[in-house]
$ cat my_file_24.cif   # mmCIF, C-alpha atoms and all ligand atoms
data_work
#
loop_
_atom_site.label_atom_id
_atom_site.label_comp_id
_atom_site.auth_asym_id
_atom_site.auth_seq_id
_atom_site.Cartn_x
_atom_site.Cartn_y
_atom_site.Cartn_z
CA MET A 1 0.00 0.00 0.00
CA SER A 2 1.44 3.33 -0.99
CA VAL A 3 2.02 6.05 1.58
CA THR A 4 -0.58 8.25 -0.09
CA ILE A 5 -3.27 5.59 0.04
CA ARG A 6 -2.45 4.82 3.65
CA LEU A 7 -2.63 8.52 4.45
CA LEU A 8 -5.96 8.84 2.68
CA LEU A 9 -7.31 5.83 4.56
CA PHE A 10 -6.14 7.33 7.82
CA VAL A 11 -7.80 10.67 7.05
CA ALA A 12 -11.02 8.90 6.04
CA LEU A 13 -11.00 6.85 9.24
CA VAL A 14 -10.37 9.85 11.47
CA GLY A 15 -13.16 11.60 9.61
CA ILE A 16 -15.58 8.80 10.40
CA VAL A 17 -14.58 8.60 14.03
CA SER A 18 -14.51 12.28 14.90
CA GLY A 19 -16.96 13.91 12.52
CA LYS A 20 -20.35 13.75 14.12
CA HIS A 21 -23.33 15.43 12.50
CA GLU A 22 -21.07 16.54 9.62
CA GLU A 23 -23.94 16.10 7.17
CA TYR A 24 -25.80 18.92 8.87
CA ILE A 25 -23.17 21.63 8.50
CA GLY A 26 -24.90 24.75 7.26
CA TRP A 27 -28.41 23.35 7.54
CA LYS A 28 -30.84 25.86 8.95
CA SER A 29 -34.20 25.77 10.60
CA TYR A 30 -36.79 28.50 10.20
CA TYR A 31 -39.80 29.61 12.15
CA VAL A 32 -42.66 29.79 9.68
CA GLU A 33 -46.06 31.37 10.21
CA LEU A 34 -49.04 30.60 7.98
CA LYS A 35 -51.95 32.98 7.64
CA SER A 36 -54.30 31.23 5.21
CA GLN A 37 -55.30 27.92 3.63
CA THR A 38 -53.62 29.15 0.44
CA GLN A 39 -50.32 29.55 2.27
CA LEU A 40 -50.78 26.11 3.82
CA LYS A 41 -51.12 24.70 0.29
CA THR A 42 -48.19 26.73 -1.02
CA LEU A 43 -46.03 25.44 1.77
CA ARG A 44 -46.89 21.89 0.80
CA THR A 45 -45.52 22.59 -2.68
CA LEU A 46 -42.38 24.21 -1.31
CA THR A 47 -41.89 21.29 1.04
CA SER A 48 -41.61 18.75 -1.73
CA LYS A 49 -39.79 21.08 -4.12
CA TYR A 50 -37.03 21.90 -1.63
CA GLU A 51 -37.00 18.66 0.39
CA ILE A 52 -38.07 20.55 3.48
CA ASP A 53 -38.48 18.76 6.74
CA ALA A 54 -40.81 19.80 9.55
CA LEU A 55 -39.31 19.86 13.00
CA VAL A 56 -42.58 21.32 14.28
CA HIS A 57 -45.52 21.20 11.88
CA PRO A 58 -46.79 24.70 11.16
CA ILE A 59 -50.57 24.97 11.19
CA LEU A 60 -52.89 27.91 10.73
CA ASP A 61 -52.32 30.45 13.47
CA ARG A 62 -49.44 28.54 14.96
CA GLU A 63 -45.81 28.95 14.04
CA GLY A 64 -43.92 25.84 13.03
CA ILE A 65 -40.24 25.12 12.46
CA LEU A 66 -38.90 23.89 9.13
CA ILE A 67 -35.50 22.42 8.34
CA VAL A 68 -33.92 23.47 5.04
CA LYS A 69 -30.75 22.11 3.41
CA PRO A 70 -28.02 24.63 2.45
CA GLU A 71 -28.56 24.22 -1.31
CA HIS A 72 -32.23 25.17 -1.06
CA GLN A 73 -32.13 27.95 1.52
CA LYS A 74 -31.83 30.86 -0.87
CA ALA A 75 -34.62 29.67 -3.16
CA PHE A 76 -36.83 28.80 -0.21
CA GLU A 77 -36.40 32.26 1.31
CA GLN A 78 -37.10 33.95 -2.03
CA GLU A 79 -40.24 31.98 -2.65
CA ALA A 80 -41.52 32.34 0.88
CA LYS A 81 -41.03 36.09 0.56
CA ALA A 82 -42.85 36.16 -2.77
CA GLU A 83 -45.75 34.23 -1.26
CA GLU A 84 -45.77 36.50 1.78
CA ILE A 85 -45.13 33.59 4.12
CA ALA A 86 -43.56 35.00 7.27
CA TYR A 87 -40.32 33.30 8.30
CA ARG A 88 -37.29 33.94 10.47
CA ILE A 89 -34.24 31.94 11.39
CA HIS A 90 -34.63 29.44 14.20
CA VAL A 91 -31.03 28.14 14.16
CA ASP A 92 -28.41 28.88 11.53
CA ASP A 93 -26.19 25.82 11.79
CA ILE A 94 -27.92 22.63 12.79
CA LYS A 95 -24.69 20.67 13.14
CA ARG A 96 -23.47 23.00 15.89
CA HIS A 97 -26.74 22.57 17.76
CA LEU A 98 -26.69 18.79 17.41
CA ASP A 99 -23.15 18.77 18.86
CA HIS A 100 -24.44 20.85 21.72
CA ASP A 101 -27.39 18.47 22.19
CA ASP A 102 -24.93 15.58 22.61
CA ARG A 103 -23.12 17.42 25.38
CA ILE A 104 -26.38 18.33 27.13
CA LEU A 105 -27.54 14.72 26.92
CA GLN A 106 -24.32 13.33 28.45
CA LYS A 107 -24.66 15.72 31.37
CA HIS A 108 -28.36 15.00 31.74
CA ARG A 109 -27.86 11.23 31.76
CA ARG A 110 -25.27 11.53 34.53
CA LYS A 111 -27.64 13.65 36.60
CA SER A 112 -30.53 11.30 35.93
CA MET A 113 -28.46 8.32 37.06
CA ASN A 114 -27.43 10.08 40.25
CA ARG A 115 -31.04 10.90 40.99
CA SER A 116 -32.12 7.29 40.59
CA GLY A 117 -29.33 5.68 42.57
CA GLY A 118 -27.36 4.44 39.59
CA ARG A 119 -30.29 3.16 37.53
CA ARG A 120 -30.74 4.28 33.95
CA LEU A 121 -34.43 5.06 33.59
CA PRO A 122 -35.96 5.19 30.11
CA TYR A 123 -38.51 7.85 31.06
CA ASP A 124 -36.00 10.18 32.67
CA SER A 125 -33.57 10.74 29.81
CA TYR A 126 -33.01 9.91 26.14
CA GLN A 127 -31.66 6.37 26.42
CA GLU A 128 -30.27 3.99 23.85
CA ILE A 129 -32.36 1.01 22.82
CA GLU A 130 -30.61 -1.48 25.15
CA VAL A 131 -31.48 0.62 28.19
CA ILE A 132 -35.15 0.70 27.19
CA ASN A 133 -35.21 -3.05 26.50
CA ASP A 134 -33.46 -3.78 29.81
CA TYR A 135 -36.14 -1.79 31.58
CA LEU A 136 -38.91 -3.78 29.89
CA ASP A 137 -37.22 -7.06 30.84
CA TYR A 138 -36.82 -5.81 34.40
CA ILE A 139 -40.54 -5.00 34.55
CA GLY A 140 -41.47 -8.45 33.24
CA GLU A 141 -39.18 -10.23 35.71
CA THR A 142 -40.10 -8.12 38.72
CA TYR A 143 -43.86 -7.97 38.23
CA PRO A 144 -44.77 -11.26 36.52
CA ASN A 145 -48.33 -11.14 37.89
CA VAL A 146 -49.27 -8.04 35.92
CA ALA A 147 -46.65 -7.56 33.21
CA LYS A 148 -45.60 -9.87 30.43
CA VAL A 149 -42.88 -8.89 27.97
CA VAL A 150 -43.33 -10.11 24.42
CA ASP A 151 -40.38 -10.43 22.05
CA ALA A 152 -42.50 -9.96 18.96
CA ALA A 153 -39.82 -10.29 16.28
CA ASN A 154 -36.38 -9.11 15.39
CA SER A 155 -35.93 -5.86 13.54
CA PHE A 156 -34.22 -5.81 10.16
CA GLU A 157 -30.85 -5.42 11.88
CA GLY A 158 -31.69 -8.10 14.44
CA ARG A 159 -32.74 -6.07 17.45
CA PRO A 160 -35.63 -7.44 19.50
CA ILE A 161 -38.91 -5.57 19.10
CA LYS A 162 -40.38 -5.75 22.57
CA TYR A 163 -43.73 -4.80 23.97
CA VAL A 164 -45.37 -5.18 27.36
CA LYS A 165 -48.81 -6.60 28.05
CA ILE A 166 -50.22 -5.37 31.34
CA SER A 167 -53.21 -7.11 32.86
CA THR A 168 -54.53 -8.09 36.28
CA THR A 169 -56.32 -11.03 34.66
CA ASN A 170 -53.55 -12.41 32.45
CA PHE A 171 -55.28 -11.06 29.34
CA GLU A 172 -57.94 -13.73 29.77
CA ASP A 173 -60.92 -11.55 30.67
CA GLU A 174 -62.44 -11.02 27.25
CA SER A 175 -64.83 -8.38 28.59
CA LYS A 176 -62.00 -5.94 29.31
CA PRO A 177 -61.25 -3.30 26.70
CA ILE A 178 -57.63 -2.91 25.61
CA ILE A 179 -55.67 0.32 25.31
CA TYR A 180 -52.73 0.09 22.92
CA ILE A 181 -49.97 2.71 22.83
CA ASP A 182 -46.78 2.88 20.79
CA GLY A 183 -43.87 5.25 20.31
CA GLY A 184 -40.58 5.41 18.46
CA MET A 185 -41.98 4.67 15.02
CA HIS A 186 -39.83 7.47 13.63
CA GLY A 187 -36.23 7.12 14.81
CA ARG A 188 -35.40 10.73 15.45
CA GLU A 189 -38.52 11.40 17.54
CA ARG A 190 -36.69 10.49 20.72
CA ILE A 191 -39.31 12.07 22.94
CA SER A 192 -41.93 9.52 21.83
CA PRO A 193 -40.74 6.42 23.77
CA PRO A 194 -40.54 8.07 27.24
CA PRO A 195 -44.32 8.65 27.65
CA VAL A 196 -44.82 4.96 26.81
CA THR A 197 -42.31 3.72 29.38
CA TRP A 198 -43.74 6.24 31.85
CA ALA A 199 -47.18 4.70 31.28
CA ILE A 200 -45.66 1.28 32.05
CA HIS A 201 -44.13 2.74 35.20
CA LYS A 202 -47.48 4.22 36.23
CA LEU A 203 -49.38 0.98 35.57
CA VAL A 204 -46.92 -1.36 37.24
CA GLU A 205 -44.42 0.29 39.57
CA ASN A 206 -46.20 3.35 40.88
CA VAL A 207 -49.93 2.81 40.57
CA THR A 208 -52.04 5.83 41.45
CA GLU A 209 -55.03 5.11 39.16
CA LYS A 210 -56.12 1.62 40.16
CA ASP A 211 -59.24 1.76 38.01
CA LEU A 212 -57.10 1.83 34.87
CA LEU A 213 -55.75 -1.59 35.78
CA GLU A 214 -59.07 -3.01 36.88
CA ARG A 215 -60.98 -1.82 33.83
CA PHE A 216 -58.43 -2.31 31.04
CA ASP A 217 -55.73 -4.51 29.62
CA TRP A 218 -52.80 -2.57 28.18
CA ILE A 219 -50.35 -3.11 25.35
CA LEU A 220 -47.34 -0.80 25.35
CA LEU A 221 -44.68 -0.76 22.62
CA PRO A 222 -42.14 1.97 23.44
CA VAL A 223 -39.90 1.67 20.37
CA ALA A 224 -41.61 0.42 17.23
CA ASN A 225 -38.52 1.17 15.13
CA PRO A 226 -35.48 0.08 17.18
CA ASP A 227 -33.03 0.24 14.25
CA GLY A 228 -33.97 3.76 13.22
CA TYR A 229 -34.01 4.87 16.84
CA GLN A 230 -30.55 3.49 17.56
CA PHE A 231 -29.26 4.89 14.24
CA THR A 232 -29.91 8.38 15.63
CA PHE A 233 -27.37 7.71 18.37
CA THR A 234 -24.70 6.09 16.21
CA THR A 235 -24.95 7.61 12.77
CA ASN A 236 -27.56 10.18 11.84
CA ARG A 237 -29.43 12.21 14.46
CA LEU A 238 -32.27 13.13 12.10
CA TRP A 239 -32.95 9.59 10.85
CA ARG A 240 -36.68 8.91 10.54
CA LYS A 241 -37.10 5.60 8.73
CA SER A 242 -36.31 1.96 9.41
CA CYS A 243 -32.85 0.76 8.34
CA SER A 244 -33.79 -2.01 5.93
CA ASN A 245 -32.68 -2.75 2.45
CA ASP A 246 -36.01 -3.79 1.07
CA GLN A 247 -34.80 -5.21 -2.26
CA HIS A 248 -35.36 -2.01 -4.19
CA LEU A 249 -32.37 -1.37 -6.41
CA LEU A 250 -31.51 1.85 -4.62
CA SER A 251 -32.11 0.53 -1.12
CA THR A 252 -28.50 -0.30 -0.47
CA VAL A 253 -27.58 3.32 -1.17
CA CYS A 254 -30.58 4.83 0.58
CA LEU A 255 -31.64 2.72 3.50
CA GLY A 256 -34.97 2.44 5.16
CA VAL A 257 -38.70 2.81 4.81
CA ASP A 258 -41.02 5.27 6.53
CA LEU A 259 -42.88 2.83 8.78
CA ASN A 260 -45.79 5.22 9.13
CA ARG A 261 -46.37 4.97 5.37
CA ASN A 262 -45.85 1.21 5.12
CA PHE A 263 -49.28 0.06 6.36
CA ASP A 264 -51.75 -1.50 3.97
CA PHE A 265 -54.37 1.21 3.86
CA TYR A 266 -54.49 3.17 0.60
CA TRP A 267 -50.78 2.35 0.59
CA ASN A 268 -48.55 4.77 -1.33
CA THR A 269 -51.36 6.92 -2.67
CA ALA A 270 -50.72 10.23 -0.87
CA GLY A 271 -48.01 11.91 1.19
CA THR A 272 -45.44 9.32 0.21
CA SER A 273 -42.51 8.87 -2.11
CA ASP A 274 -41.42 6.10 -4.46
CA SER A 275 -37.79 7.00 -3.95
CA PRO A 276 -35.94 4.96 -1.33
CA CYS A 277 -33.85 8.09 -0.72
CA SER A 278 -36.89 10.03 0.48
CA ASP A 279 -37.82 10.34 4.14
CA THR A 280 -41.37 9.30 3.27
CA TYR A 281 -40.51 6.27 1.14
CA ALA A 282 -43.47 3.89 1.48
CA GLY A 283 -41.47 0.71 0.82
CA SER A 284 -41.57 -1.71 -2.09
CA LYS A 285 -44.95 -3.07 -0.96
CA PRO A 286 -47.37 -2.75 1.96
CA PHE A 287 -45.90 -4.24 5.13
CA SER A 288 -42.50 -4.76 3.54
CA GLU A 289 -41.10 -3.89 6.97
CA VAL A 290 -41.03 -6.33 9.86
CA GLU A 291 -41.46 -3.40 12.30
CA ALA A 292 -44.76 -2.39 10.69
CA ARG A 293 -45.85 -6.04 10.65
CA VAL A 294 -45.37 -6.25 14.43
CA VAL A 295 -47.80 -3.35 14.93
CA ARG A 296 -50.18 -4.91 12.40
CA ASP A 297 -50.15 -8.25 14.22
CA ILE A 298 -50.83 -6.65 17.61
CA LEU A 299 -53.80 -4.85 16.08
CA HIS A 300 -55.21 -7.96 14.38
CA GLU A 301 -54.80 -10.11 17.46
CA ASN A 302 -56.57 -7.67 19.76
CA VAL A 303 -58.87 -5.53 17.66
CA HIS A 304 -62.05 -7.21 18.92
CA ARG A 305 -61.60 -5.57 22.31
CA MET A 306 -59.33 -2.67 21.54
CA ALA A 307 -60.94 0.56 22.72
CA MET A 308 -58.19 3.00 21.78
CA TYR A 309 -54.98 3.17 19.78
CA VAL A 310 -52.48 5.95 20.46
CA SER A 311 -49.27 6.51 18.52
CA PHE A 312 -46.77 9.07 19.82
CA HIS A 313 -44.83 11.27 17.41
CA SER A 314 -43.21 14.71 17.54
CA PHE A 315 -43.38 17.72 17.41
CA GLY A 316 -46.49 19.84 17.34
CA SER A 317 -48.68 19.71 20.48
CA MET A 318 -51.59 18.22 18.62
CA ILE A 319 -53.89 15.23 18.69
CA LEU A 320 -54.81 13.99 15.23
CA TYR A 321 -57.51 11.60 14.10
CA PRO A 322 -58.45 9.85 10.79
CA TRP A 323 -58.63 9.83 7.92
CA GLY A 324 -55.25 10.74 6.47
CA SER A 325 -57.08 11.71 3.29
CA GLY A 326 -58.87 14.58 5.03
CA HIS A 327 -62.26 12.87 4.88
CA LEU A 328 -64.01 12.55 8.20
CA PRO A 329 -64.98 9.06 9.38
CA PRO A 330 -68.44 8.07 10.70
CA ASN A 331 -67.66 8.67 14.37
CA ALA A 332 -65.69 11.88 13.83
CA VAL A 333 -67.70 13.57 16.57
CA GLU A 334 -66.67 10.91 19.03
CA LEU A 335 -63.03 11.01 17.91
CA ARG A 336 -63.00 14.75 18.33
CA GLU A 337 -64.68 14.56 21.72
CA VAL A 338 -62.17 12.11 23.17
CA ALA A 339 -59.21 13.93 21.61
CA THR A 340 -60.48 17.17 23.13
CA VAL A 341 -60.84 15.61 26.58
CA ILE A 342 -57.23 14.39 26.37
CA ALA A 343 -55.93 17.71 25.03
CA GLU A 344 -57.68 19.76 27.69
CA GLU A 345 -56.34 17.59 30.45
CA ILE A 346 -52.80 17.84 29.10
CA ASN A 347 -53.18 21.61 28.77
CA LYS A 348 -54.29 21.78 32.39
CA HIS A 349 -51.10 20.07 33.53
CA SER A 350 -48.74 21.71 31.06
CA ILE A 351 -46.18 24.50 31.49
CA PRO A 352 -45.96 28.00 29.96
CA ASP A 353 -43.00 26.90 27.79
CA PHE A 354 -45.26 24.57 25.79
CA PRO A 355 -47.98 25.61 23.37
CA ARG A 356 -51.50 24.46 24.11
CA TYR A 357 -52.64 21.26 22.42
CA PHE A 358 -54.83 21.53 19.32
CA VAL A 359 -57.14 18.79 18.08
CA GLY A 360 -58.06 17.98 14.49
CA ASN A 361 -58.19 15.70 11.51
CA SER A 362 -54.63 14.82 10.50
CA ALA A 363 -54.79 15.99 6.89
CA LEU A 364 -56.92 19.08 7.44
CA MET A 365 -54.85 20.32 10.33
CA ILE A 366 -51.38 19.95 8.84
CA GLY A 367 -52.44 20.45 5.24
CA ASN A 368 -50.83 17.17 4.20
CA GLU A 369 -52.65 14.06 3.12
CA VAL A 370 -51.03 10.82 4.18
CA SER A 371 -51.62 7.19 3.30
CA GLY A 372 -50.45 3.90 4.70
CA ASP A 373 -50.16 5.22 8.25
CA ALA A 374 -50.73 3.20 11.40
CA GLU A 375 -53.54 5.38 12.77
CA ASP A 376 -55.70 4.95 9.66
CA TYR A 377 -54.91 1.25 9.51
CA ALA A 378 -55.96 0.68 13.12
CA TYR A 379 -59.13 2.69 12.70
CA ASN A 380 -60.08 0.97 9.47
CA LEU A 381 -59.52 -2.41 11.10
CA GLY A 382 -62.09 -1.54 13.74
CA VAL A 383 -60.40 0.25 16.63
CA PRO A 384 -63.05 2.90 17.38
CA LEU A 385 -60.61 5.53 18.61
CA ALA A 386 -57.25 5.99 16.87
CA PHE A 387 -55.01 8.96 17.54
CA THR A 388 -51.61 10.30 16.63
CA ILE A 389 -50.31 12.52 19.39
CA LYS A 390 -47.57 14.95 18.40
CA LEU A 391 -45.69 15.82 21.56
CA PRO A 392 -44.75 19.39 22.45
CA TYR A 393 -41.78 21.56 21.53
CA PRO A 394 -41.05 24.71 23.56
CA LYS A 395 -42.63 27.90 22.24
CA VAL A 396 -39.85 30.43 22.49
CA THR A 397 -36.32 29.24 22.45
CA SER A 398 -34.40 32.48 22.58
CA SER A 399 -31.76 31.06 24.91
CA LEU A 400 -32.06 27.82 22.89
CA GLU A 401 -30.42 25.11 24.93
CA GLY A 402 -31.41 21.73 23.52
CA TYR A 403 -32.25 21.78 19.82
CA LEU A 404 -34.32 18.60 19.62
CA LEU A 405 -36.23 19.10 22.87
CA ASP A 406 -33.89 19.61 25.80
CA PRO A 407 -33.91 16.48 27.99
CA MET A 408 -34.90 18.65 30.95
CA TYR A 409 -38.43 18.60 29.45
CA ILE A 410 -38.78 14.79 29.30
CA GLY A 411 -40.23 14.44 32.79
CA GLN A 412 -42.79 17.16 32.13
CA VAL A 413 -43.85 15.59 28.83
CA CYS A 414 -44.28 12.20 30.51
CA ARG A 415 -46.33 13.55 33.39
CA GLU A 416 -48.68 15.79 31.42
CA THR A 417 -49.21 13.20 28.68
CA TRP A 418 -50.06 10.58 31.27
CA GLU A 419 -52.73 12.88 32.73
CA GLY A 420 -54.25 13.06 29.26
CA LEU A 421 -54.09 9.30 28.84
CA ILE A 422 -55.86 8.73 32.17
CA VAL A 423 -58.96 10.70 31.13
CA GLY A 424 -58.72 9.45 27.54
CA ALA A 425 -58.70 5.81 28.62
CA ARG A 426 -61.65 6.31 30.98
CA LYS A 427 -63.64 8.04 28.27
CA ALA A 428 -62.72 5.36 25.72
CA GLY A 429 -63.81 2.71 28.23
CA ASP A 430 -67.21 4.34 28.72
CA LEU A 431 -67.83 4.59 24.97
CA PHE A 432 -66.69 1.01 24.44
CA LYS A 433 -69.07 -0.26 27.14
CA ASP A 434 -72.01 1.60 25.59
CA LYS A 435 -71.25 0.08 22.23
CA ASN A 436 -70.99 -3.46 23.53
CA ASN A 437 -74.07 -3.41 25.73
ZN ZN B 501 -43.35 10.72 13.52
#

$ encode --input "my_file_24.cif" --output "structure tokens" --more "lines below"
Ligand SMILES: [Zn+2]
Amino acid sequence: MSVTIRLLLFVALVGIVSGKHEEYIGWKSYYVELKSQTQLKTLRTLTSKYEIDALVHPILDREGILIVKPEHQKAFEQEAKAEEIAYRIHVDDIKRHLDHDDRILQKHRRKSMNRSGGRRLPYDSYQEIEVINDYLDYIGETYPNVAKVVDAANSFEGRPIKYVKISTTNFEDESKPIIYIDGGMHGRERISPPPVTWAIHKLVENVTEKDLLERFDWILLPVANPDGYQFTFTTNRLWRKSCSNDQHLLSTVCLGVDLNRNFDFYWNTAGTSDSPCSDTYAGSKPFSEVEARVVRDILHENVHRMAMYVSFHSFGSMILYPWGSGHLPPNAVELREVATVIAEEINKHSIPDFPRYFVGNSALMIGNEVSGDAEDYAYNLGVPLAFTIKLPYPKVTSSLEGYLLDPMYIGQVCRETWEGLIVGARKAGDLFKDKNN
């Protein structure tokens, strides 16, 4: 090997080891404010034209935050100006902020561990997948009378996909309605698993609402997409999809499928992409992904007594209900009623830093139709209440500490979301009883 080649190899290796978040040098995020339906539509066009990503979904009368790549920033700004869409810079170099996030997280994890006597708790910090799985195993081993851990399948990269079944009657009482909650379907949405593990904690380790255990059986899947989730720690902080190579010719170059577009309900008809390089790639066929199949199988196995399905995502402080096409389903009034009860309860327990929760149909609210998503699939299968909850992002971040939700907010998100789930479950239980009597 020549000296030059060896030198090049060395440089490349050092680059890989030391250069974290390099791909986000010069990326910017913008606050964007929309004043009309026309602007909402225009933004949808700009989003696909300039490969724009939403950190916080802008909706009418509420500012959102959009991520724009360096090569599109100038054109995006020009067009936004021409369309009179108000924008201002949120952060001007995302890489720098992601580096800072890493430092904050290290510090936060140490503090969290000190607080809990050396334990690494999945609802108290952003933890890697092994820590979350260890916690689930611990729950199953320590509380075998109420909690059973299911190793549903292995992810594409071979990680166990685990969920917990919680029941005081060993899931044998067929008259009990089931509440099913998942998180972590999109890798980068690290705030979505903690409210699920917090729910486990509140149903098993620290029970303050006994009725929720007596009335319901629970299925809790904290990380639906373990590969994508772990990928955000090792390789790419803003990774959204799974990590599979699904036999598409380009899939070895551009990994992964958007799991929340991979379900077999009007699959790949709206809000998706055919390109494996896109963040909303729907896959080569419905349920091409083992991770989506796990969610599907839970739904099929339990739909006959499932009262409510909740899927956590981020960010936006909103509760969304079907259909992804923007059409309203038969029990839209009921969906809206339960979503509102949950939202109001969360708002009551929230903090001034967070915006108030809004409630609405997923497509009408965000201005984006989607297809092949889990919420629609569950609802179509027969789960009477199916919601996507987009967790909060702080309103004003002038002193901007953490970029992707400072870990200091995790506890607050868990607590306030749980309050919403308590009233939501009770309401869902009442409606389910009425229907089955
Ligand atoms: Zn998501």

$ residues_around --input "my_file_24.cif" --residues "Ile139 (chain A)" --least-positions-apart "2" --cutoff "10 Å" --atoms "all atoms listed in the file" --output "PyMOL selection string"
chain A and resi 133-137+141-144+146-149+164+200-201+204-205

$ closest_atom_pairs --input "my_file_24.cif" --of "chain A" --to "ligand ZN 501 (chain B)" --cutoff "6 Å" --atoms "only C-alpha atoms and all ligand atoms" --output "JSON lines"
{"residue": "A:His186", "atom": "CA", "partner": "B:ZN501", "partner_atom": "ZN", "distance": 4.8}
{"residue": "A:His313", "atom": "CA", "partner": "B:ZN501", "partner_atom": "ZN", "distance": 4.2}
{"residue": "A:Ser314", "atom": "CA", "partner": "B:ZN501", "partner_atom": "ZN", "distance": 5.7}

$ atom_distance --input "my_file_24.cif" --atom1 "CA of Ala80 (chain A)" --atom2 "CA of Gln37 (chain A)"
14.7 Å

$ atom_distance --input "my_file_24.cif" --atom1 "CA of Asn206 (chain A)" --atom2 "CA of Ile351 (chain A)"
23.1 Å

$ closest_residue --input "my_file_24.cif" --among "A:Ile94, A:Met185, A:Cys414, A:Ala339" --to "Thr197 (chain A)" --atoms "only C-alpha atoms"
A:Cys414

$ residues_around --input "my_file_24.cif" --residues "Ser284 (chain A)" --least-positions-apart "2" --cutoff "7 Å" --atoms "all atoms listed in the file" --output "number ranges by chain"
A: 246, 248, 282, 288

$ write_last_selection --input "my_file_24.cif" --atoms "C-alpha atoms" --output "mmCIF file, in the frame of the given file"
data_model
loop_
_atom_site.group_PDB
_atom_site.id
_atom_site.type_symbol
_atom_site.label_atom_id
_atom_site.label_comp_id
_atom_site.auth_asym_id
_atom_site.auth_seq_id
_atom_site.Cartn_x
_atom_site.Cartn_y
_atom_site.Cartn_z
ATOM 1 C CA ASP A 246 -36.010 -3.790 1.070
ATOM 2 C CA HIS A 248 -35.360 -2.010 -4.190
ATOM 3 C CA ALA A 282 -43.470 3.890 1.480
ATOM 4 C CA SER A 288 -42.500 -4.760 3.540
#

$ atom_distance --input "my_file_24.cif" --atom1 "CA of Leu213 (chain A)" --atom2 "CA of Asn225 (chain A)"
27.0 Å

$ closest_atom_pairs --input "my_file_24.cif" --of "region 300-419 of chain A" --to "region 260-276 of chain A" --cutoff "10 Å" --atoms "only C-alpha atoms" --output "tab-separated table"
residue	atom	partner	partner_atom	distance
A:Gly324	CA	A:Ala270	CA	8.6
A:Ser325	CA	A:Ala270	CA	7.7
A:Ala363	CA	A:Gly271	CA	9.8
A:Asn368	CA	A:Gly271	CA	6.7
A:Glu369	CA	A:Gly271	CA	5.5
A:Val370	CA	A:Gly271	CA	4.4
A:Ser371	CA	A:Ala270	CA	5.2
A:Gly372	CA	A:Arg261	CA	4.3
A:Asp373	CA	A:Asn260	CA	4.5
A:Ala374	CA	A:Asn260	CA	5.8
A:Glu375	CA	A:Asn260	CA	8.6
A:Asp376	CA	A:Phe265	CA	7.0
A:Tyr377	CA	A:Phe265	CA	5.7
A:Ala378	CA	A:Phe265	CA	9.4
A:Asn380	CA	A:Phe265	CA	8.0
A:Leu381	CA	A:Phe265	CA	9.6
